[in-house]
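A.B. asks: Quick one: structure below, then a few questions.
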Amino acid sequence: MKDFERPQDDLDRALDAQLARTLAPPRVPPRFRAHLQAALARSAESSLSDARSRFEREQQATLIALERNYVRLRRRTLGTMIGGAFAAGAAAAVALPWVTANLGPIAPLAIASVGTLVGIWIGASAWLSSRAEYDSQLPP
Amino acid sequence: MQTAVDAASRDGDIAELLRAGERDRAFDALLARYEQKIYRLCCAMLRDRAHAEDTAQESLVRIWKALDGYDGRASLSSWVYAITRNRCLTALERRRFMDSLDDGDVETEIAVLARPDQAPSDDRSEQLRELVDLLPERLRRTLVLYYFEERSTREVAQMLGCPEGTVKTHLFRARAALTEQLRRRGLDDPVLWLETTP
């Protein structure tokens, strides 16, 4: 390959000099820095604005999910209580004649009182565990 | 390889500032060192100074945003030039699309406006500029950058992201094509060109 950097003849030399004049390096316009600083500031603002919008969207989604979980937990608690009451009623209906016959007429009242206490304890523990589960999902 | 080592040592201070978490100071140093080069690369690739200014600005904003993610695998200069080239290519695509929507008169106006304002306005320069503009794009771009960068083939290779040998080949072909065009137009007398050389 020819050495392009070393002009070969008079025309090459003259052409090289003329090209250097014609293709003089352009200088950055004086207002360039000011425009750049403005563009950087706009970019930073839009980055902050984007981040805020993203966080707001995420927070909204988290709140909706929490609300859904809360409703689901309340339904589960209600279901547990109804189920427990139904089971207790069924057990009492079956066992009441046998208890009255074998333990005396006051026994059903005593058993009903114990059953009420047990029911309250089950309901309270179900509510407390639901509450603890709900609290654990809250954002820090 | 030598080029990469040179570039790495040249930009060692910026890399150091980035490692220290001094992003703003690193960007200021980068701006002082590469602002002109980025603008020249944009001018060479886009031909239009206003367009080049916008694209250089976009490139620098992109560089500023991505500076935290610079991992030092490529030399900083290669990274900066790669971002700038990509912005230029995007701008060219956008302009091609816009041009396809415009008519010929507007294109002519753009071509007139695109002429560099600092260039001498004598006939020889105009003739030569026209011939340079007629060169195939890769040859034209390489030739223009070569003179913008004070005849440094190494710098031009880095800016265009190609081997130095390719730059030399393109320059040789560009100059041969220009000489051939001058001969065809009867302008191959060195005296014609020496007359306007200061």
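Scheme for the structure tokens: letters A, B, ... for chains in order shown; per-chain residue numbers from 1; ligand numbers from 1 in order shown.
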Please provide the set of residues having any atom within 12 Å of range 108-112 of chain A, restricted to only C-alpha atoms, with same-chain residues fewer than 3 positions apart removed, written as an MDAnalysis selection string.
C.D. replies: chainID A and resid 85 88:89 91:105 115:119
A.B. asks: Could you please select, counting only C-alpha atoms, the residues of chain A within 8 Å of chain B and state them as a PDB file with N, CA and C atoms, in the first residue's frame?
C.D. replies:
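As a result, iface24.pdb now contains:
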ATOM      1  N   LYS A   2       0.443   2.237  -0.725  1.00  0.00           N
ATOM      2  CA  LYS A   2       1.197   3.485  -0.747  1.00  0.00           C
ATOM      3  C   LYS A   2       1.116   4.180   0.605  1.00  0.00           C
ATOM      4  N   ASP A   3       2.133   4.967   0.901  1.00  0.00           N
ATOM      5  CA  ASP A   3       2.099   5.726   2.144  1.00  0.00           C
ATOM      6  C   ASP A   3       1.258   6.977   1.929  1.00  0.00           C
ATOM      7  N   PHE A   4       0.022   6.929   2.376  1.00  0.00           N
ATOM      8  CA  PHE A   4      -0.883   8.046   2.107  1.00  0.00           C
ATOM      9  C   PHE A   4      -0.480   9.286   2.893  1.00  0.00           C
ATOM     10  N   ASP A  10       3.645  16.971  -6.257  1.00  0.00           N
ATOM     11  CA  ASP A  10       3.234  18.357  -5.987  1.00  0.00           C
ATOM     12  C   ASP A  10       1.724  18.475  -5.807  1.00  0.00           C
ATOM     13  N   LEU A  11       0.976  17.748  -6.654  1.00  0.00           N
ATOM     14  CA  LEU A  11      -0.477  17.815  -6.556  1.00  0.00           C
ATOM     15  C   LEU A  11      -0.940  17.296  -5.193  1.00  0.00           C
ATOM     16  N   ASP A  12      -0.329  16.179  -4.766  1.00  0.00           N
ATOM     17  CA  ASP A  12      -0.680  15.622  -3.448  1.00  0.00           C
ATOM     18  C   ASP A  12      -0.423  16.636  -2.337  1.00  0.00           C
ATOM     19  N   ALA A  14      -0.180  19.900  -2.564  1.00  0.00           N
ATOM     20  CA  ALA A  14      -1.090  21.048  -2.663  1.00  0.00           C
ATOM     21  C   ALA A  14      -2.489  20.663  -2.194  1.00  0.00           C
ATOM     22  N   LEU A  15      -2.905  19.460  -2.586  1.00  0.00           N
ATOM     23  CA  LEU A  15      -4.236  18.975  -2.193  1.00  0.00           C
ATOM     24  C   LEU A  15      -4.329  18.806  -0.678  1.00  0.00           C
ATOM     25  N   ALA A  17      -2.653  20.379   1.608  1.00  0.00           N
ATOM     26  CA  ALA A  17      -2.715  21.696   2.258  1.00  0.00           C
ATOM     27  C   ALA A  17      -4.100  22.316   2.092  1.00  0.00           C
ATOM     28  N   GLN A  18      -4.661  22.170   0.886  1.00  0.00           N
ATOM     29  CA  GLN A  18      -5.984  22.750   0.653  1.00  0.00           C
ATOM     30  C   GLN A  18      -7.068  22.035   1.466  1.00  0.00           C
ATOM     31  N   LEU A  19      -6.927  20.710   1.587  1.00  0.00           N
ATOM     32  CA  LEU A  19      -7.895  19.954   2.399  1.00  0.00           C
ATOM     33  C   LEU A  19      -7.817  20.390   3.862  1.00  0.00           C
ATOM     34  N   ALA A  20      -6.604  20.612   4.328  1.00  0.00           N
ATOM     35  CA  ALA A  20      -6.437  21.041   5.722  1.00  0.00           C
ATOM     36  C   ALA A  20      -7.125  22.386   5.954  1.00  0.00           C
ATOM     37  N   ARG A  21      -7.087  23.248   4.942  1.00  0.00           N
ATOM     38  CA  ARG A  21      -7.757  24.555   5.079  1.00  0.00           C
ATOM     39  C   ARG A  21      -9.274  24.393   4.990  1.00  0.00           C
ATOM     40  N   THR A  22      -9.687  23.621   3.989  1.00  0.00           N
ATOM     41  CA  THR A  22     -11.130  23.479   3.741  1.00  0.00           C
ATOM     42  C   THR A  22     -11.823  22.730   4.878  1.00  0.00           C
ATOM     43  N   LEU A  23     -11.126  21.703   5.403  1.00  0.00           N
ATOM     44  CA  LEU A  23     -11.740  20.888   6.449  1.00  0.00           C
ATOM     45  C   LEU A  23     -11.170  21.265   7.815  1.00  0.00           C
ATOM     46  N   ALA A  24     -11.158  22.548   8.087  1.00  0.00           N
ATOM     47  CA  ALA A  24     -10.677  23.014   9.398  1.00  0.00           C
ATOM     48  C   ALA A  24     -11.599  22.482  10.490  1.00  0.00           C
ATOM     49  N   PRO A  25     -11.022  22.064  11.622  1.00  0.00           N
ATOM     50  CA  PRO A  25     -11.878  21.489  12.683  1.00  0.00           C
ATOM     51  C   PRO A  25     -12.882  22.515  13.214  1.00  0.00           C
ATOM     52  N   PRO A  26     -14.148  22.114  13.288  1.00  0.00           N
ATOM     53  CA  PRO A  26     -15.167  23.042  13.799  1.00  0.00           C
ATOM     54  C   PRO A  26     -15.038  23.209  15.312  1.00  0.00           C
ATOM     55  N   ARG A  27     -15.380  24.363  15.798  1.00  0.00           N
ATOM     56  CA  ARG A  27     -15.319  24.600  17.252  1.00  0.00           C
ATOM     57  C   ARG A  27     -16.722  24.501  17.840  1.00  0.00           C
ATOM     58  N   VAL A  28     -16.774  23.994  19.045  1.00  0.00           N
ATOM     59  CA  VAL A  28     -18.071  23.903  19.728  1.00  0.00           C
ATOM     60  C   VAL A  28     -18.646  25.308  19.882  1.00  0.00           C
ATOM     61  N   PHE A  32     -23.022  26.164  23.636  1.00  0.00           N
ATOM     62  CA  PHE A  32     -23.176  24.712  23.791  1.00  0.00           C
ATOM     63  C   PHE A  32     -23.243  24.291  25.262  1.00  0.00           C
ATOM     64  N   HIS A  35     -26.536  25.190  26.920  1.00  0.00           N
ATOM     65  CA  HIS A  35     -27.611  24.296  26.470  1.00  0.00           C
ATOM     66  C   HIS A  35     -27.466  22.915  27.105  1.00  0.00           C
ATOM     67  N   LEU A  36     -26.216  22.469  27.206  1.00  0.00           N
ATOM     68  CA  LEU A  36     -25.975  21.144  27.787  1.00  0.00           C
ATOM     69  C   LEU A  36     -26.392  21.113  29.258  1.00  0.00           C
ATOM     70  N   ALA A  39     -30.026  20.874  29.446  1.00  0.00           N
ATOM     71  CA  ALA A  39     -30.490  19.522  29.086  1.00  0.00           C
ATOM     72  C   ALA A  39     -30.241  18.543  30.226  1.00  0.00           C
ATOM     73  N   LEU A  40     -29.089  18.688  30.900  1.00  0.00           N
ATOM     74  CA  LEU A  40     -28.782  17.799  32.027  1.00  0.00           C
ATOM     75  C   LEU A  40     -29.775  18.036  33.172  1.00  0.00           C
ATOM     76  N   SER A  43     -33.021  16.509  32.270  1.00  0.00           N
ATOM     77  CA  SER A  43     -32.909  15.053  32.360  1.00  0.00           C
ATOM     78  C   SER A  43     -33.002  14.598  33.808  1.00  0.00           C
TER      79      SER A  43
END
